[in-house]
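Student: My questions will all concern the structure given below.
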Protein chains: 2
Amino acid sequence: MERRRTKSGEIRLTEVAKLAGVSPITASRFFRKPEALSVDKRERVASAAKELGYVPNLAARALASQRTEVIGVLIPSLTNNVFSDVLRGIYDASEGSRYSIQLANTRYSILQEEKLLRLFQAQKPAGLIVTGIDQTSESRSVMDSMNCPIAQIMEIGPDPVDMMVGFSHRDAAFAAVSHLIAQGFQRIGFLGAQMDPRVQRRFGGYRDAMKAASLFDPRLIVTTPVPTSVTLGGTLFADLLSKAPDIDAVSCGNDDLALGVLFECQRRQISVPEDIAIVGFNDLEFMASAVPSLTSVRTNRYEMGRSAVTMVTAAIEGNRPPEPVVDLGFELMIRQSSSVRGA
Amino acid sequence: MERRRTKSGEIRLTEVAKLAGVSPITASRFFRKPEALSVDKRERVASAAKELGYVPNLAARALASQRTEVIGVLIPSLTNNVFSDVLRGIYDASEGSRYSIQLANTRYSILQEEKLLRLFQAQKPAGLIVTGIDQTSESRSVMDSMNCPIAQIMEIGPDPVDMMVGFSHRDAAFAAVSHLIAQGFQRIGFLGAQMDPRVQRRFGGYRDAMKAASLFDPRLIVTTPVPTSVTLGGTLFADLLSKAPDIDAVSCGNDDLALGVLFECQRRQISVPEDIAIVGFNDLEFMASAVPSLTSVRTNRYEMGRSAVTMVTAAIEGNRPPEPVVDLGFELMIRQSSSVRGA
DNA sequence: CAATCCGTTGGTAGCGCTGTCAATATTTGT
DNA sequence: ACAAATATTGACAGCGCTACCAACGGATTG
């Protein structure tokens, strides 16, 4: 009694090979290096596979070949718009390649990140993309042991685990606040939510710019660990106004907060930018549409995801990029909400 | 020469078993049914695994056991806010379970969906979650052959592949437009972008409500296949105004468009709702914050993702939910933008 | 005291595929 | 025409783990 099918009734490579009249290993090669087969066999295997509806067993392939074609991705949030752009870049780039994406959500917790990293370890991914540069030392040792290309995204900094694509949040925020100062604003508040490491670095940029102009005043700062939202922007702004009624501008840790501030100004009949100027961070799509249009710092989120995948896949295939750390920079988008003439 | 390690230097179950002084199969059981071991062995294996830093090989496990602990998820977009909420529900629910999520992006293409479905097939997922009810017949036959629980989400309709969690987009839009009509609005425009099947069904609800009140007029309709955005809302609205300057309300296919309409009204000094009323769809977070606050239809997106995972995991484990089709309903959130007294 | 049971443990035999290397056709160079 | 190089193919031996079933010891029963 010869076995013709797998227990579950699936067709195996052996069946395809038999129908095509070749050895199993030749059939296997057809799926990996078709150009190594003669045209004749190539066609025979192709049509046999099609006829039987053959679907390769990835687990068997992974076990036998000791590798996978999966790139693991760790991001802190699925709600924050910022990451959906990064993800889009990641998925777009992965579609052109042989690799598929395995996504996991750390929820802004470095402990959760550690746990997920260990989970990934068991999967032996071909590459890894992680968000930020603030991993625990335990996480770093897991990554070191993983023996695959790793890209850190969103930020750049010293001491990369392997590769990096990002930009300096501190410098970007510094530029935005310096712009406000150059426009003559002096009592510039700062609103921050979530306060993940990137928002903290943006706050650092704000602080440095304010100190450099001798304008720093801790009463101008309102932050919360609560996740960001438009509504929260209004709430934090109300808070700021009660603590420092003399403010003439607000620098927001992100664009959701900025939009919330704008709405709150409309609610209170505060004119923007005449009474209060607003700048956001990230330049989400709606910022240019708002009335008045809102100044922000454009960040290359899509490109960040795309390059991370490109760099990792290149590294997997042995073509490491010459420069392991890529600074994608930022661009200050000056709009009505921060222009003294309200133009 | 005995082999002590795998080629790549990883620790195998055999090494753990040897150190613990048990057979490999007992060590294996420790990871699957620890309660079947005596307390003594359980502890010995646990400490041996920890000491060696053992990481199980998932590919080998999947091959030997003929199953995986992966739930595949197919969604049409990573940019659209709507799906980030669904995803959050999916990831949250999966974290409480033993299953991990494999996400793929169809980009609103049913052909891409077909391709991805075949890719998933090779992975033999334990369960599957797909968006919508408009799969190709080829896709359906792949799903039929996959032999795992499948949930269709976002919509409900006749003839489920297996299970369904969603709501009627037509009914929800019908309710929103009926509300406008009840408020006395008559020249109600419809703006739609992306025009995926769900937006088309919302349009159907608009059309039915307008026809029922003998208010339907094709000149009131502006749609585009272009992906949605706030800016696009303004553009479409400008278009609508030029085609039908006498409109008194706008029903938008989603909230981004609604916000764009609001901004365009502000830009043109059109008062909302006195001159023009606005309703959106989905009730994204910012709708309640806007000035005036924007009426929308609240949909249970997070819950949709959550229940889909719950239903699928239950089905995997043999506890199929009694009712395979779950209607999560919707709630009309009436706010200032559609209230005749502007309250 | 033998028969029966249950909780626990181990042995055997693959899961479906691919790496390695040898074997066989085919072509090329001189 | 013959050796050497090159293209194409196949045999073998696992990859690391688990399903299945047998075996064991001790407790329970009549």
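We label chains A, B, ... in the order they appear in the structure tokens, count residues from 1 in each chain, and number ligands from 1 in the order shown.
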Could the residues of chain B within 6 Å of chain A, counting only C-alpha atoms, be given as a ChimeraX atom specification, please?

Tutor: /B:55-60,62-63,78-79,84,102,122-123,230-231,263,286,289-291

Student: Can you list, as a list in words, every protein, DNA or RNA residue that comes within 10 Å of DA4 (chain D) when you count only C-alpha atoms (C1' of nucleotides), leaving out same-chain residues fewer than 2 positions away?

Tutor: DT28 and DG29 of chain C; DC2 and DT6 of chain D

Student: Skipping near chain neighbours, those fewer than 4 positions away, what residues fall within 8 Å of region 111-113 of chain B using only C-alpha atoms (C1' of nucleotides), listed as a list in words?

Tutor: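 Near region 111-113 of chain B, the qualifying residues are Leu74, Asn105, Thr106, Arg107, Leu117, Gln135, Thr136 and Ser139 of chain B.
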
Student: Using only C-alpha atoms (C1' of nucleotides), select each residue of chain C with any atom at most 6 Å away from an atom of chain A, and give the selection as a compact mmCIF listing (two decimals) with N, CA and C atoms (P, O5', C5', C4', C3', O3' and C1' of nucleotides), in the first residue's frame.

Tutor:
```txt
# COMPACT_ATOMS: atom_id res chain seq x y z
P DG C 16 3.04 15.13 4.86
O5' DG C 16 3.97 16.08 3.97
C5' DG C 16 3.88 17.47 4.12
C4' DG C 16 5.16 18.09 3.63
C3' DG C 16 5.49 17.83 2.16
O3' DG C 16 5.63 19.09 1.53
C1' DG C 16 7.37 17.41 3.54
P DC C 17 6.13 19.31 0.07
O5' DC C 17 7.66 19.69 0.33
C5' DC C 17 7.93 20.91 1.00
C4' DC C 17 9.36 20.92 1.48
C3' DC C 17 10.38 21.03 0.37
O3' DC C 17 10.79 22.39 0.27
C1' DC C 17 11.02 19.44 2.06
P DT C 18 11.74 22.82 -0.93
O5' DT C 18 13.17 22.52 -0.32
C5' DT C 18 13.61 23.25 0.81
C4' DT C 18 14.97 22.76 1.23
C3' DT C 18 16.07 22.98 0.18
O3' DT C 18 17.23 23.37 0.89
C1' DT C 18 16.00 20.71 0.78
```

Student: Using only C-alpha atoms (C1' of nucleotides) for the distances, tell me which of A:Glu35, A:Glu15, A:Asp171, A:Glu114 is nearest to chain D.

Tutor: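 So, comparing all the options, the nearest one is A:Glu35.
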
Student: Find the residues of chain D that sit at most 12 Å from chain A; for each, write down the nearest two atoms and how far apart they are in Å, to one decimal. Count only C-alpha atoms (C1' of nucleotides). Sort by chain, then by number going up, and give it as CSV.

Tutor:
```
residue,atom,partner,partner_atom,distance
D:DA7,C1',A:Ala36,CA,8.4
D:DT8,C1',A:Leu37,CA,6.7
D:DT9,C1',A:Thr26,CA,7.0
D:DG10,C1',A:Ser23,CA,6.6
D:DA11,C1',A:Ile25,CA,9.5
D:DC12,C1',A:Ile25,CA,11.3
D:DA13,C1',A:Ala64,CA,11.4
D:DG14,C1',A:Ala64,CA,8.3
D:DC15,C1',A:Ala64,CA,4.6
D:DG16,C1',A:Leu63,CA,7.6
D:DC17,C1',A:Leu63,CA,9.9
D:DA19,C1',A:Lys7,CA,12.0
```

Student: When DSSP works through the backbone of this structure, what residues of region 36-81 of chain A end up as strand (DSSP E or B), shown as a PyMOL selection string?

Tutor: chain A and resi 70-75

Student: Can you pull out every residue from region 197-325 of chain B that DSSP, working from the backbone, puts in alpha helix (DSSP H), and format the result as a ChimeraX atom specification?

Tutor: /B:197-212,230-243,255-267,301-316

Student: So how many Å separate CA of Ala213 (chain B) and CA of Val279 (chain B), to one decimal?

Tutor: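 CA of Ala213 (chain B) sits 18.0 Å away from CA of Val279 (chain B).
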
Student: Do you have the CA of Arg202 (chain B)-CA of His169 (chain B) distance handy?

Tutor: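 Taking CA of Arg202 (chain B) and CA of His169 (chain B), their separation equals 5.2 Å.
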
Student: Distance CA of Leu19 (chain B)-CA of Pro34 (chain B), one decimal place?

Tutor: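 If I compute the distance from CA of Leu19 (chain B) to CA of Pro34 (chain B), I get 17.6 Å.
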
Student: Within 10 Å of DC24 (chain D), counting only C-alpha atoms (C1' of nucleotides), which residues qualify if same-chain residues fewer than 3 places away don't, as a list in words?

Tutor: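 Within the cut-off, the hits are DT8, DT9 and DG10 of chain C.
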
Student: Quick one: everything within 10 Å of Asp134 (chain A), counting only C-alpha atoms (C1' of nucleotides), minus sequence neighbours fewer than 5 positions away in the same chain. Send it as an mmCIF file with N, CA and C atoms, in the first residue's frame.

Tutor:
```cif
data_model
loop_
_atom_site.group_PDB
_atom_site.id
_atom_site.type_symbol
_atom_site.label_atom_id
_atom_site.label_comp_id
_atom_site.auth_asym_id
_atom_site.auth_seq_id
_atom_site.Cartn_x
_atom_site.Cartn_y
_atom_site.Cartn_z
ATOM 1 N N ILE A 110 8.302 48.604 26.539
ATOM 2 C CA ILE A 110 9.555 47.939 26.195
ATOM 3 C C ILE A 110 9.599 46.529 26.768
ATOM 4 N N SER A 139 16.458 42.946 25.604
ATOM 5 C CA SER A 139 16.023 42.961 24.207
ATOM 6 C C SER A 139 17.222 42.993 23.267
ATOM 7 N N ARG A 140 18.181 43.808 23.629
ATOM 8 C CA ARG A 140 19.353 43.915 22.760
ATOM 9 C C ARG A 140 20.100 42.598 22.700
ATOM 10 N N GLN A 152 16.618 49.516 12.895
ATOM 11 C CA GLN A 152 15.867 50.335 13.847
ATOM 12 C C GLN A 152 15.318 51.516 13.067
ATOM 13 N N GLU A 155 14.004 56.753 14.423
ATOM 14 C CA GLU A 155 14.969 57.649 15.040
ATOM 15 C C GLU A 155 16.360 57.280 14.564
ATOM 16 N N GLY A 157 20.476 57.463 16.164
ATOM 17 C CA GLY A 157 21.209 57.726 17.386
ATOM 18 C C GLY A 157 22.507 56.962 17.339
ATOM 19 N N ASP A 196 6.169 59.012 24.621
ATOM 20 C CA ASP A 196 7.120 57.957 24.290
ATOM 21 C C ASP A 196 8.477 58.603 24.027
ATOM 22 N N PRO A 197 9.519 57.820 23.845
ATOM 23 C CA PRO A 197 10.862 58.411 23.732
ATOM 24 C C PRO A 197 10.965 59.462 22.633
ATOM 25 N N ARG A 198 10.218 59.276 21.548
ATOM 26 C CA ARG A 198 10.325 60.235 20.450
ATOM 27 C C ARG A 198 9.703 61.576 20.831
#
```

Student: Lys243 (chain B): which residues within 10 Å, counting only C-alpha atoms (C1' of nucleotides), same-chain residues fewer than 6 positions away excluded, as a PyMOL selection string?

Tutor: chain B and resi 219-222+237

Student: Keeping only C-alpha atoms, write the selected residues as a compact mmCIF listing (two decimals), in the first residue's frame.

Tutor:
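Output saved as part.txt:
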```txt
# COMPACT_ATOMS: atom_id res chain seq x y z
CA ARG B 219 -26.93 65.89 -9.71
CA LEU B 220 -26.46 65.72 -5.96
CA ILE B 221 -23.90 62.93 -6.21
CA VAL B 222 -20.14 63.32 -6.49
CA PHE B 237 -17.46 69.47 -1.96
```
